[in-house]
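Engineer: Sharing my_file_27.csv below, CSV, C-alpha atoms and all ligand atoms:
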```csv
chain,number,residue,atom,x,y,z
A,1,MET,CA,-135.8,38.1,49.6
A,2,ARG,CA,-133.1,39.1,47.1
A,3,VAL,CA,-129.6,39.3,48.5
A,4,ILE,CA,-128.1,42.7,47.9
A,5,GLN,CA,-124.4,43.0,47.4
A,6,PRO,CA,-123.5,46.8,47.5
A,7,ILE,CA,-120.4,47.9,45.7
A,8,VAL,CA,-118.3,50.8,46.7
A,9,TYR,CA,-116.5,52.5,43.8
A,10,TYR,CA,-113.9,55.1,44.5
A,11,PHE,CA,-110.9,57.0,43.3
A,12,SER,CA,-108.2,58.2,45.6
A,13,GLU,CA,-104.8,59.8,45.1
A,14,THR,CA,-103.4,60.2,48.6
A,15,GLY,CA,-105.6,57.7,50.5
A,16,ASN,CA,-108.3,59.9,52.2
A,17,THR,CA,-111.2,58.8,50.0
A,18,GLU,CA,-110.0,55.2,50.1
A,19,THR,CA,-110.1,55.3,53.9
A,20,VAL,CA,-113.7,56.5,53.8
A,21,ALA,CA,-114.5,54.0,51.1
A,22,ARG,CA,-113.1,51.2,53.3
A,23,ALA,CA,-115.2,52.3,56.3
A,24,ILE,CA,-118.4,52.3,54.2
A,25,ALA,CA,-117.6,48.9,52.6
A,26,SER,CA,-116.8,47.3,56.0
A,27,ALA,CA,-120.0,48.7,57.6
A,28,LEU,CA,-122.0,47.0,54.8
A,29,GLY,CA,-119.9,44.0,53.9
A,30,ALA,CA,-119.8,45.6,50.5
A,31,ASP,CA,-117.3,44.9,47.7
A,32,LEU,CA,-114.7,47.6,47.1
A,33,VAL,CA,-113.6,48.6,43.5
A,34,GLY,CA,-110.9,51.2,43.1
A,35,PRO,CA,-108.9,53.2,42.6
A,36,LEU,CA,-111.1,53.8,39.5
A,37,THR,CA,-109.5,54.5,36.1
A,38,GLY,CA,-112.8,55.6,34.7
A,39,ARG,CA,-113.2,52.7,32.3
A,40,GLU,CA,-114.9,50.3,34.7
A,41,ARG,CA,-118.4,49.0,34.0
A,42,ALA,CA,-120.8,49.7,36.9
A,43,ASP,CA,-122.7,46.5,38.0
A,44,ALA,CA,-124.7,46.9,41.2
A,45,ASP,CA,-128.2,47.6,42.4
A,46,LEU,CA,-126.8,49.7,45.2
A,47,ALA,CA,-123.6,51.6,44.4
A,48,PHE,CA,-121.5,54.0,46.5
A,49,ILE,CA,-119.3,56.3,44.5
A,50,GLY,CA,-116.5,58.3,46.2
A,51,THR,CA,-114.1,60.9,45.0
A,52,PRO,CA,-111.6,63.5,46.2
A,53,THR,CA,-112.5,67.1,45.3
A,54,HIS,CA,-110.3,68.4,42.5
A,55,GLY,CA,-110.9,72.0,41.5
A,56,PHE,CA,-114.3,71.9,43.2
A,57,ARG,CA,-115.4,69.0,41.0
A,58,PRO,CA,-115.0,65.2,41.2
A,59,ALA,CA,-111.6,63.8,40.1
A,60,ARG,CA,-111.3,62.9,36.4
A,61,PRO,CA,-111.5,59.1,36.7
A,62,VAL,CA,-114.8,59.5,38.7
A,63,ARG,CA,-116.3,61.9,36.1
A,64,ASP,CA,-115.4,59.5,33.3
A,65,PHE,CA,-116.8,56.5,35.3
A,66,ILE,CA,-120.1,58.3,35.9
A,67,GLU,CA,-120.5,59.6,32.4
A,68,ARG,CA,-119.6,56.3,30.7
A,69,ASN,CA,-122.1,54.2,32.6
A,70,ASP,CA,-125.9,53.8,32.4
A,71,TRP,CA,-127.4,54.3,35.9
A,72,SER,CA,-131.0,53.4,35.2
A,73,GLY,CA,-132.4,51.3,38.0
A,74,VAL,CA,-129.4,51.9,40.2
A,75,SER,CA,-129.6,53.4,43.7
A,76,VAL,CA,-126.5,55.4,44.6
A,77,GLY,CA,-124.8,56.9,47.7
A,78,LEU,CA,-122.4,59.7,46.9
A,79,PHE,CA,-119.4,60.8,49.0
A,80,CYS,CA,-116.4,63.0,48.6
A,81,THR,CA,-113.4,64.3,50.5
A,82,TYR,CA,-112.2,67.8,50.4
A,83,ALA,CA,-109.6,70.0,52.2
A,84,LEU,CA,-111.4,73.4,52.1
A,85,HIS,CA,-114.7,73.2,50.4
A,86,PRO,CA,-116.3,70.5,48.2
A,87,GLY,CA,-117.8,73.2,45.9
A,88,GLY,CA,-120.0,71.5,43.3
A,89,THR,CA,-118.5,68.0,43.6
A,90,LEU,CA,-121.6,66.2,45.0
A,91,ARG,CA,-124.0,68.2,42.8
A,92,TRP,CA,-122.0,67.4,39.7
A,93,MET,CA,-122.3,63.6,40.5
A,94,ARG,CA,-125.9,63.8,41.5
A,95,ARG,CA,-126.9,65.5,38.2
A,96,ARG,CA,-125.1,63.1,36.0
A,97,ILE,CA,-126.4,60.1,37.8
A,98,GLU,CA,-130.0,61.3,37.7
A,99,ASP,CA,-129.7,62.3,34.0
A,100,ARG,CA,-128.6,58.7,33.4
A,101,GLY,CA,-131.6,57.2,35.2
A,102,GLY,CA,-130.1,56.6,38.7
A,103,ARG,CA,-131.6,57.4,42.1
A,104,VAL,CA,-129.4,59.2,44.7
A,105,LEU,CA,-130.2,58.1,48.2
A,106,GLY,CA,-127.7,60.0,50.2
A,107,GLU,CA,-124.6,62.3,50.1
A,108,LEU,CA,-121.7,62.7,52.4
A,109,ALA,CA,-118.8,65.2,52.4
A,110,VAL,CA,-115.8,64.5,54.6
A,111,LYS,CA,-112.7,66.6,55.3
A,112,GLY,CA,-109.4,65.1,54.0
A,113,GLU,CA,-105.9,66.4,54.7
A,114,HIS,CA,-104.4,68.1,51.6
A,115,SER,CA,-101.1,66.5,50.6
A,116,ALA,CA,-99.6,69.9,49.5
A,117,LEU,CA,-101.2,72.0,52.3
A,118,PRO,CA,-101.4,69.7,55.3
A,119,LEU,CA,-102.5,72.6,57.5
A,120,LEU,CA,-105.8,72.3,55.7
A,121,ALA,CA,-107.8,69.5,57.4
A,122,ARG,CA,-104.8,68.1,59.3
A,123,GLY,CA,-105.4,64.5,60.5
A,124,ARG,CA,-108.7,64.1,58.6
A,125,PRO,CA,-110.5,61.9,58.1
A,126,ASN,CA,-110.4,61.0,61.7
A,127,GLU,CA,-112.3,58.4,63.8
A,128,ARG,CA,-115.3,60.7,64.1
A,129,ASP,CA,-115.4,61.1,60.3
A,130,LEU,CA,-115.3,57.4,59.9
A,131,ARG,CA,-118.2,56.9,62.3
A,132,ARG,CA,-120.2,59.4,60.3
A,133,ALA,CA,-119.3,57.5,57.1
A,134,ARG,CA,-120.5,54.2,58.7
A,135,ARG,CA,-123.8,55.9,59.8
A,136,PHE,CA,-124.2,57.3,56.3
A,137,ALA,CA,-123.7,53.9,54.7
A,138,LEU,CA,-126.3,52.3,57.0
A,139,ASN,CA,-128.8,55.1,56.3
A,140,VAL,CA,-128.4,54.7,52.5
A,141,LEU,CA,-128.9,50.9,52.9
A,142,ARG,CA,-132.1,51.5,55.0
A,143,ARG,CA,-133.5,53.9,52.4
A,144,PHE,CA,-132.7,51.4,49.7
A,145,GLU,CA,-134.4,48.5,51.5
A,146,ARG,CA,-137.5,50.7,52.2
A,147,GLY,CA,-137.7,51.7,48.5
A,148,GLU,CA,-137.5,48.0,47.5
A,149,ARG,CA,-140.5,47.2,49.7
A,150,ASP,CA,-142.7,50.1,48.4
B,201,LIG,C1,-105.1,68.5,42.3
B,201,LIG,C2,-105.8,68.8,43.6
B,201,LIG,C3,-106.9,69.6,43.6
B,201,LIG,C4,-107.7,69.8,44.8
B,201,LIG,N1,-108.8,70.7,44.7
B,201,LIG,C5,-109.5,70.9,45.9
B,201,LIG,C6,-110.6,71.8,45.9
B,201,LIG,O1,-111.0,72.3,44.8
B,201,LIG,N2,-111.3,72.0,47.0
B,201,LIG,C7,-110.9,71.3,48.2
B,201,LIG,O2,-111.5,71.6,49.2
B,201,LIG,N3,-109.8,70.5,48.2
B,201,LIG,C8,-109.1,70.2,47.1
B,201,LIG,N4,-108.1,69.4,47.1
B,201,LIG,C9,-107.8,68.6,48.4
B,201,LIG,C10,-108.4,67.1,48.2
B,201,LIG,O3,-109.7,67.1,47.7
B,201,LIG,C11,-108.4,66.4,49.6
B,201,LIG,O4,-107.2,66.5,50.3
B,201,LIG,C12,-108.8,65.0,49.4
B,201,LIG,O5,-109.2,64.5,50.7
B,201,LIG,C13,-107.8,64.1,48.8
B,201,LIG,O6,-108.3,62.8,48.6
B,201,LIG,P1,-107.4,61.5,48.3
B,201,LIG,O7,-106.4,61.4,49.5
B,201,LIG,O8,-108.4,60.4,48.3
B,201,LIG,O9,-106.8,61.7,47.0
B,201,LIG,C14,-107.3,69.2,46.0
B,201,LIG,C15,-106.2,68.3,46.0
B,201,LIG,C16,-105.5,68.1,44.8
B,201,LIG,C17,-104.3,67.2,44.8
```
For the file at hand, write its structure as structure tokens.
Ligand SMILES: Cc1cc2nc3c(=O)[nH]c(=O)nc-3n(C[C@H](O)[C@H](O)[C@H](O)COP(=O)(O)O)c2cc1C

Structural biologist:
Amino acid sequence: MRVIQPIVYYFSETGNTETVARAIASALGADLVGPLTGRERADADLAFIGTPTHGFRPARPVRDFIERNDWSGVSVGLFCTYALHPGGTLRWMRRRIEDRGGRVLGELAVKGEHSALPLLARGRPNERDLRRARRFALNVLRRFERGERD
């Protein structure tokens, strides 16, 4: 059997998305790449991509990273953090990945305290959020392995 080394790509300005990215990476023994600048080359069979929500979309470096790579043959788990509402963040990522040949196996949105408005989502992500993130990671891995066998 082929050994799969998932990679978790993320951008984070104030640490929330990085906290979730680290939980996902440690649940899977995955490599962690970030904070992204947008110029990285994606190189994984199973990739997780995480972003904060900025203006109801992914942050700029994540948009660039997704648009500048070819996702054909890549299985992807998407996650974002948001203070109020993620809006079209996950949808934006899913569309671009699928347009570029990738297969999205799961999506997760997690609350993250807003640096300028800490009353929004105070203390998030918390332990419960990180448990959800680990479960999400394992579910995506399971779907990936099932797909490989089919
Ligand atoms: C410039 C900026 C724009 C943001 N726009 C949104 C938004 O549209 N919707 C939302 O729910 N949260 C928004 N937020 C809150 C962040 O998405 C949230 O706090 C996130 O967890 C920050 O992630 P980070 O710590 O990884 O940078 C915004 C934050 C910043 C700094």

Engineer: List the spatial neighbours of Ile4 (chain A) as an mmCIF file with C-alpha atoms, in the coordinates of the input - criterion: any atom at most 9 Å away, all atoms listed in the file, same-chain residues fewer than 2 positions off excluded.

Structural biologist:
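So the final result, stored in part.cif, reads:
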```cif
data_model
loop_
_atom_site.group_PDB
_atom_site.id
_atom_site.type_symbol
_atom_site.label_atom_id
_atom_site.label_comp_id
_atom_site.auth_asym_id
_atom_site.auth_seq_id
_atom_site.Cartn_x
_atom_site.Cartn_y
_atom_site.Cartn_z
ATOM 1 C CA ARG A 2 -133.100 39.100 47.100
ATOM 2 C CA PRO A 6 -123.500 46.800 47.500
ATOM 3 C CA ALA A 44 -124.700 46.900 41.200
ATOM 4 C CA ASP A 45 -128.200 47.600 42.400
ATOM 5 C CA LEU A 46 -126.800 49.700 45.200
#
```

Engineer: Which residue, A:Ala42, A:Val33, A:Leu28, A:Leu90, has the smallest gap to Val140 (chain A) when you use all atoms listed in the file?

Structural biologist: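 Closest candidate: A:Leu28.
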
Engineer: Counting only C-alpha atoms, which residue out of A:Asp99, A:Glu67, A:Glu40, A:Glu113 sits closest to Thr81 (chain A)?

Structural biologist: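 Of A:Asp99, A:Glu67, A:Glu40, A:Glu113, the one nearest Thr81 (chain A) is A:Glu113, counting only C-alpha atoms.
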
Engineer: Would you give me, as CSV, each residue of chain A having an atom within 9 Å of an atom of ligand LIG 201 (chain B), along with its shortest atom pair and that distance in Å to one decimal, using only C-alpha atoms and all ligand atoms and sorting by chain and residue number?

Structural biologist:
```
residue,atom,partner,partner_atom,distance
A:Tyr10,CA,B:LIG201,O8,8.5
A:Phe11,CA,B:LIG201,O8,6.5
A:Ser12,CA,B:LIG201,O8,3.5
A:Glu13,CA,B:LIG201,O9,3.3
A:Thr14,CA,B:LIG201,O7,3.4
A:Gly15,CA,B:LIG201,O7,3.9
A:Asn16,CA,B:LIG201,O7,3.6
A:Thr17,CA,B:LIG201,O8,3.6
A:Glu18,CA,B:LIG201,O8,5.7
A:Thr19,CA,B:LIG201,O8,7.8
A:Val20,CA,B:LIG201,O8,8.6
A:Gly50,CA,B:LIG201,O8,8.6
A:Thr51,CA,B:LIG201,O8,6.6
A:Pro52,CA,B:LIG201,O6,4.1
A:Thr53,CA,B:LIG201,O3,3.7
A:His54,CA,B:LIG201,N1,3.5
A:Gly55,CA,B:LIG201,O1,3.3
A:Phe56,CA,B:LIG201,O1,3.7
A:Arg57,CA,B:LIG201,O1,6.7
A:Pro58,CA,B:LIG201,O3,8.6
A:Ala59,CA,B:LIG201,C3,8.2
A:Cys80,CA,B:LIG201,O5,7.6
A:Thr81,CA,B:LIG201,O5,4.2
A:Tyr82,CA,B:LIG201,O3,3.7
A:Ala83,CA,B:LIG201,O2,3.9
A:Leu84,CA,B:LIG201,O2,3.4
A:His85,CA,B:LIG201,O2,3.8
A:Pro86,CA,B:LIG201,O2,5.0
A:Gly87,CA,B:LIG201,N2,6.7
A:Thr89,CA,B:LIG201,O1,8.7
A:Val110,CA,B:LIG201,O5,7.7
A:Lys111,CA,B:LIG201,O5,6.1
A:Gly112,CA,B:LIG201,O5,3.4
A:Glu113,CA,B:LIG201,O4,4.6
A:His114,CA,B:LIG201,O4,3.5
A:Ser115,CA,B:LIG201,O4,6.1
A:Ala116,CA,B:LIG201,C17,7.2
A:Leu117,CA,B:LIG201,O4,8.4
A:Pro118,CA,B:LIG201,O4,8.3
A:Leu120,CA,B:LIG201,O4,8.0
A:Ala121,CA,B:LIG201,O4,7.7
A:Arg124,CA,B:LIG201,O5,7.9
A:Pro125,CA,B:LIG201,O5,8.0
```

Engineer: Quick one: distance from CA of Gly34 (chain A) to CA of Val8 (chain A) in Å, one decimal?

Structural biologist: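 So the two atoms, CA of Gly34 (chain A) and CA of Val8 (chain A), lie 8.2 Å apart.
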
Engineer: Mind completing region 68-88 of chain A with N, CA and C atoms? Output as a PDB file, keeping the file's coordinate frame, please?

Structural biologist:
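Everything below was put into part18.pdb:
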```pdb
ATOM      1  N   ARG A  68    -119.677  57.412  31.636  1.00  0.00           N
ATOM      2  CA  ARG A  68    -119.600  56.300  30.700  1.00  0.00           C
ATOM      3  C   ARG A  68    -120.524  55.148  31.068  1.00  0.00           C
ATOM      4  N   ASN A  69    -121.252  55.281  32.183  1.00  0.00           N
ATOM      5  CA  ASN A  69    -122.100  54.200  32.600  1.00  0.00           C
ATOM      6  C   ASN A  69    -123.602  54.628  32.524  1.00  0.00           C
ATOM      7  N   ASP A  70    -124.463  53.609  32.400  1.00  0.00           N
ATOM      8  CA  ASP A  70    -125.900  53.800  32.400  1.00  0.00           C
ATOM      9  C   ASP A  70    -126.377  53.523  33.846  1.00  0.00           C
ATOM     10  N   TRP A  71    -127.025  54.490  34.484  1.00  0.00           N
ATOM     11  CA  TRP A  71    -127.400  54.300  35.900  1.00  0.00           C
ATOM     12  C   TRP A  71    -128.846  53.971  36.090  1.00  0.00           C
ATOM     13  N   SER A  72    -129.540  53.613  35.005  1.00  0.00           N
ATOM     14  CA  SER A  72    -131.000  53.400  35.200  1.00  0.00           C
ATOM     15  C   SER A  72    -131.213  52.175  36.099  1.00  0.00           C
ATOM     16  N   GLY A  73    -132.093  52.398  37.058  1.00  0.00           N
ATOM     17  CA  GLY A  73    -132.400  51.300  38.000  1.00  0.00           C
ATOM     18  C   GLY A  73    -131.434  51.186  39.146  1.00  0.00           C
ATOM     19  N   VAL A  74    -130.401  52.011  39.159  1.00  0.00           N
ATOM     20  CA  VAL A  74    -129.400  51.900  40.200  1.00  0.00           C
ATOM     21  C   VAL A  74    -129.616  52.900  41.317  1.00  0.00           C
ATOM     22  N   SER A  75    -129.544  52.447  42.558  1.00  0.00           N
ATOM     23  CA  SER A  75    -129.600  53.400  43.700  1.00  0.00           C
ATOM     24  C   SER A  75    -128.160  53.669  44.117  1.00  0.00           C
ATOM     25  N   VAL A  76    -127.931  54.943  44.462  1.00  0.00           N
ATOM     26  CA  VAL A  76    -126.500  55.400  44.600  1.00  0.00           C
ATOM     27  C   VAL A  76    -126.382  56.237  45.904  1.00  0.00           C
ATOM     28  N   GLY A  77    -125.286  56.003  46.614  1.00  0.00           N
ATOM     29  CA  GLY A  77    -124.800  56.900  47.700  1.00  0.00           C
ATOM     30  C   GLY A  77    -123.565  57.566  47.236  1.00  0.00           C
ATOM     31  N   LEU A  78    -123.512  58.891  47.382  1.00  0.00           N
ATOM     32  CA  LEU A  78    -122.400  59.700  46.900  1.00  0.00           C
ATOM     33  C   LEU A  78    -121.540  60.184  48.062  1.00  0.00           C
ATOM     34  N   PHE A  79    -120.223  60.130  47.936  1.00  0.00           N
ATOM     35  CA  PHE A  79    -119.400  60.800  49.000  1.00  0.00           C
ATOM     36  C   PHE A  79    -118.151  61.365  48.347  1.00  0.00           C
ATOM     37  N   CYS A  80    -117.665  62.413  49.034  1.00  0.00           N
ATOM     38  CA  CYS A  80    -116.400  63.000  48.600  1.00  0.00           C
ATOM     39  C   CYS A  80    -115.594  63.440  49.771  1.00  0.00           C
ATOM     40  N   THR A  81    -114.297  63.638  49.532  1.00  0.00           N
ATOM     41  CA  THR A  81    -113.400  64.300  50.500  1.00  0.00           C
ATOM     42  C   THR A  81    -112.928  65.562  49.956  1.00  0.00           C
ATOM     43  N   TYR A  82    -112.599  66.503  50.849  1.00  0.00           N
ATOM     44  CA  TYR A  82    -112.200  67.800  50.400  1.00  0.00           C
ATOM     45  C   TYR A  82    -111.353  68.446  51.546  1.00  0.00           C
ATOM     46  N   ALA A  83    -110.470  69.392  51.190  1.00  0.00           N
ATOM     47  CA  ALA A  83    -109.600  70.000  52.200  1.00  0.00           C
ATOM     48  C   ALA A  83    -110.240  71.321  52.722  1.00  0.00           C
ATOM     49  N   LEU A  84    -110.888  72.029  51.809  1.00  0.00           N
ATOM     50  CA  LEU A  84    -111.400  73.400  52.100  1.00  0.00           C
ATOM     51  C   LEU A  84    -112.863  73.495  51.940  1.00  0.00           C
ATOM     52  N   HIS A  85    -113.311  73.145  50.749  1.00  0.00           N
ATOM     53  CA  HIS A  85    -114.700  73.200  50.400  1.00  0.00           C
ATOM     54  C   HIS A  85    -115.011  72.281  49.228  1.00  0.00           C
ATOM     55  N   PRO A  86    -116.049  71.475  49.309  1.00  0.00           N
ATOM     56  CA  PRO A  86    -116.300  70.500  48.200  1.00  0.00           C
ATOM     57  C   PRO A  86    -116.874  71.218  46.953  1.00  0.00           C
ATOM     58  N   GLY A  87    -117.294  72.472  47.067  1.00  0.00           N
ATOM     59  CA  GLY A  87    -117.800  73.200  45.900  1.00  0.00           C
ATOM     60  C   GLY A  87    -118.978  72.387  45.272  1.00  0.00           C
ATOM     61  N   GLY A  88    -118.890  72.167  43.959  1.00  0.00           N
ATOM     62  CA  GLY A  88    -120.000  71.500  43.300  1.00  0.00           C
ATOM     63  C   GLY A  88    -119.788  69.997  43.076  1.00  0.00           C
TER      64      GLY A  88
END
```
